[in-house]
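Chemist: This is the structure I want to talk about, given as structure tokens.
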Amino acid sequence: MDVIAAAEGLHSTGLEPDAGAAGAGETVARARARGPWRKAWDRFKRNRLALISLVMCGVLVVVAFAAPWIAPHHYADTDYEALLAGAGADGHLLGTDQLGRDILSRTLYGLRTALIVAFGAELLALLCALVVGLAAGYRGGRAEQGLMAFTDVMYAFPSYLFAIVMVAVLGRSIFALIVAIGIAGWVTQARLVRAQVLSIKQREYVEAARAMGASGPTIAVRYILPNAIGPMLVTTSFAIPAAIAAEAGLGLLGLGVQPPTPSWGGMISEGTRYLLSAPHMLLAPACVFALALLAFTWVGDGVRDAFDPRGDRR
Amino acid sequence: MTMTQAPSGSSSGTPGGPLLRVRDLHTEFRSEDGAALRAVDGVSFDVEPGRALAIVGESGSGKSVSMRSVLRLLPRTGRVTAGEVWFGGQDLLRLPERQMRRIRGRDIGMVFQNAMEAMNPTLTLERQLTEHLLWHGVCTKSEARERAVRALGDVGIPEPERRIRVYPFQLSGGMRQRAMIAMAIVTRPALLIADEPTTAVDVTIQRQILDLLAGLKDQGTGIIMVTHDLGVARYFCDDSVVMYAGRVVERAPTRELLSRPRHPYAAGLLGSSVELGSRDRPLHPIPGNPPDLASRPRGCPFHPRCDRAVLPRCQDEQELIQIGGARAVACWRAEDGHDDQ
């Protein structure tokens, strides 16, 4: 419940213009409720590259979800009359692959796979990181030692190897990829959450909250979490392009989603085999992949600058 | 319930008795190498409803630690090893944590030194002022808002209806300090603990804050004012307790303490106070530094800095000696009528 309330708080401070501001007299006009979220958003808006990238990401997300309606063909439909057709062949804007499947459609569906895996994995990682990091940082003592020892063990494990093992165990489904990439990625974030919690815990307002009678969970969720979320948002926004790349990487190694479900990694891997005879097979997924990575990374840059207090100077 | 009745002796065990009775409080901190440091060493004092007690001392004298011991807000390394804290007919040190939590913020309010640091930057004033009302189930959500607005008005914040929507960092320093006092008093606590509430604010605002607290006192709230500033104590505290190295060295009505301090340390504090010194009296700073808790001197902790110390007599343990009705001094030389000036 508290989490929901906090989330509502984020919304009301971050997105809506403050209702009270409209009626405020000039004496309090300056004291308009511009919460920390609103300020971060204002700074983000001033960064044009980040804003364009954000729009780009929005477009990518919409396209990914609308893929079944936008794509001219189903990703698995084969057209035996147009094998390895070049771009612009009849009915196939970006050509076809060695089985006569429409590259454009497969790229769009690949986008869908990539984003579902990336966001799902990141959500999972964030959730694990928040629970473990908050618990470790706030409880301290033996619980912290245990959790952090576990985190260190996970950290020492090569994350790609871990993901490969996970996929091998869980099978090549989207769910398996989410779990594999999510679990491989939460460790660094958990350590960051813990570090944040440890520093925020020392702040006087946490002590003040205790002096007002707040319980442990209330302090963790209402006082520590909201103040730790800025840095978390920054790492998360950088972790999403990383997860997109990880998904493509696993696909390239042949550990992506089960064919014929398209993934960019798989498409790029196939494309390299026909590099000389049909370069368009490689180009389309590689370009969209690069575009998506750039857009999400630039958004991450913008988010980082927005939450960096030094950004105020600009 | 608590808010409608006047905060008075009704919440203490014996009607008409002290609101808060601290007896022989001992608090220790564990240092890195495991040694125990006695930060509070046998402190006792009473707070009466409608009266203000000043706890005066240099930094490190244990005054803040005493307050945190009373509220049981010590950091993990700290521990109350002995003593009693009677409030509302209960020994707070023996209450389960759940019940203690219901007392914090509801029956005992706390004002911190630095409002900028002591308010959550991600919450509006409305949330900070109403949340603990709701935690404690003092009133409903809509009532809580009304009470918050009223509390802001009470502490002299203009246009409280509008200000309640802002975040702490949008207020000026003085406003913020007042908002924090509003936070502490919105539940109408019977006891208010103010930890150097005027140290971090401008002198012009200091006076306003003190007047505000004096108003609360007149309404029956008991106040503990932790301060190193004797001027603040003189301004509105009825009684004073002077602490040194974790001990009470003198306890007296403030007026008597300031006009005729009996403990050499209290006299030294007064002598080194710029504001209270008269023009023709030169400043007399106390030589030396407060003792390190790890290597506390034997006997009276002040004797190495004391210009009237007599060895080896001062190396014996010194209890508080009752002199007169309301005064007590931890110095054997005060007993045999030795005067300071």
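All residue names refer to the structure tokens as shown: chains lettered A, B, ... in order, residues numbered from 1 in each chain, ligands numbered from 1 in order.
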As a ChimeraX atom specification, please: every residue in segment 136-174 of chain A that a backbone DSSP assignment puts in helix (DSSP H, G or I).
Modeler: /A:136-139,141-156,159-170,174
Chemist: With a distance cut-off of 8 Å and only C-alpha atoms, select the neighbouring residues of Ile178 of chain A, excluding the residue or stretch itself and same-chain residues fewer than 3 positions from it, and output the selection as a list in words.
Modeler: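 The filter keeps Val117, Ala118, Gly120, Ala121, Leu124, Ile174, Phe175, Ile181 and Gly182 of chain A.
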Chemist: List the spatial neighbours of Gln206 of chain B as a list in words - criterion: any atom at most 9 Å away, only C-alpha atoms, same-chain residues fewer than 5 positions off excluded.
Modeler: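 So the residues in contact are Gly174, Pro197, Thr198, Thr199, Ala200, Val201, Asp211 and Val232 of chain B.
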Chemist: Write a file of the just-selected residues containing C-alpha atoms, as a JSON list (two decimals), in the first residue's frame.
Modeler:
[["chain", "number", "residue", "atom", "x", "y", "z"],
["B", 174, "GLY", "CA", 13.32, 30.42, 9.53],
["B", 197, "PRO", "CA", 16.54, 24.47, 17.97],
["B", 198, "THR", "CA", 18.07, 27.91, 17.63],
["B", 199, "THR", "CA", 21.69, 27.07, 16.93],
["B", 200, "ALA", "CA", 21.37, 26.88, 13.16],
["B", 201, "VAL", "CA", 19.16, 29.92, 12.61],
["B", 211, "ASP", "CA", 8.86, 32.98, 21.83],
["B", 232, "VAL", "CA", 18.82, 30.67, 25.51]]
Chemist: Of the residues A:Leu276, A:Ala292, A:Ala135, A:Leu283, which is the one nearest to Ala245 of chain A, using only C-alpha atoms?
Modeler: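 Nearest to Ala245 of chain A: A:Ala292.
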Chemist: Could you pull out the strand (DSSP E or B) residues of segment 6-205 of chain B from DSSP and send them as an MDAnalysis selection string?
Modeler: chainID B and resid 20:30 36:47 52:56 78:87 90:91 104 108:111 191:195
Chemist: Using C-alpha atoms, can you export the residues from the last selection as an mmCIF file, in the first residue's frame?
Modeler:
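Saved to result11.cif:
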data_model
loop_
_atom_site.group_PDB
_atom_site.id
_atom_site.type_symbol
_atom_site.label_atom_id
_atom_site.label_comp_id
_atom_site.auth_asym_id
_atom_site.auth_seq_id
_atom_site.Cartn_x
_atom_site.Cartn_y
_atom_site.Cartn_z
ATOM 1 C CA LEU B 20 9.133 13.121 32.940
ATOM 2 C CA ARG B 21 11.322 11.681 35.648
ATOM 3 C CA VAL B 22 14.760 10.491 34.633
ATOM 4 C CA ARG B 23 16.706 8.616 37.276
ATOM 5 C CA ASP B 24 20.304 7.517 37.216
ATOM 6 C CA LEU B 25 20.495 7.136 33.457
ATOM 7 C CA HIS B 26 23.591 5.404 32.124
ATOM 8 C CA THR B 27 24.338 5.107 28.422
ATOM 9 C CA GLU B 28 27.341 3.425 26.899
ATOM 10 C CA PHE B 29 28.760 3.319 23.421
ATOM 11 C CA ARG B 30 30.837 0.474 22.131
ATOM 12 C CA ALA B 36 32.630 0.663 26.456
ATOM 13 C CA LEU B 37 32.512 4.457 26.534
ATOM 14 C CA ARG B 38 30.269 5.982 29.171
ATOM 15 C CA ALA B 39 28.541 8.829 27.375
ATOM 16 C CA VAL B 40 25.883 9.345 30.027
ATOM 17 C CA ASP B 41 26.852 8.525 33.560
ATOM 18 C CA GLY B 42 24.124 8.621 36.173
ATOM 19 C CA VAL B 43 21.970 11.503 34.968
ATOM 20 C CA SER B 44 18.768 12.397 36.805
ATOM 21 C CA PHE B 45 16.311 15.222 36.224
ATOM 22 C CA ASP B 46 12.605 16.028 36.260
ATOM 23 C CA VAL B 47 10.467 17.943 33.809
ATOM 24 C CA ALA B 52 11.017 24.310 30.630
ATOM 25 C CA LEU B 53 14.236 22.601 31.571
ATOM 26 C CA ALA B 54 17.499 23.597 29.961
ATOM 27 C CA ILE B 55 20.188 20.981 29.591
ATOM 28 C CA VAL B 56 23.378 22.944 29.163
ATOM 29 C CA GLY B 78 24.760 2.791 21.911
ATOM 30 C CA ARG B 79 22.973 1.135 24.805
ATOM 31 C CA VAL B 80 21.269 2.300 27.965
ATOM 32 C CA THR B 81 22.869 0.185 30.659
ATOM 33 C CA ALA B 82 20.961 1.390 33.695
ATOM 34 C CA GLY B 83 18.396 3.895 34.837
ATOM 35 C CA GLU B 84 14.720 4.675 34.717
ATOM 36 C CA VAL B 85 12.737 7.060 32.547
ATOM 37 C CA TRP B 86 9.253 7.542 33.937
ATOM 38 C CA PHE B 87 6.678 9.079 31.661
ATOM 39 C CA GLN B 90 5.534 3.835 32.637
ATOM 40 C CA ASP B 91 9.253 3.279 32.566
ATOM 41 C CA ARG B 104 7.399 8.960 20.130
ATOM 42 C CA ILE B 108 6.813 13.269 23.153
ATOM 43 C CA GLY B 109 7.682 15.548 20.262
ATOM 44 C CA MET B 110 11.183 16.327 19.133
ATOM 45 C CA VAL B 111 12.569 19.397 17.409
ATOM 46 C CA LEU B 191 6.536 16.873 26.318
ATOM 47 C CA LEU B 192 8.635 18.583 23.699
ATOM 48 C CA ILE B 193 12.334 17.899 23.389
ATOM 49 C CA ALA B 194 14.152 20.637 21.509
ATOM 50 C CA ASP B 195 17.712 19.802 20.550
#
Chemist: Return the neighbours of chain A among the residues of chain B, cut-off 7 Å, counting only C-alpha atoms, as a PyMOL selection string.
Modeler: chain B and resi 101-102+104-105+109-110+117-120+122+132+165-167+170
Chemist: So how far away is atom CA of Gly100 of chain A from atom CA of Asp79 of chain A, in Å?
Modeler: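 It comes out at 4.5 Å.
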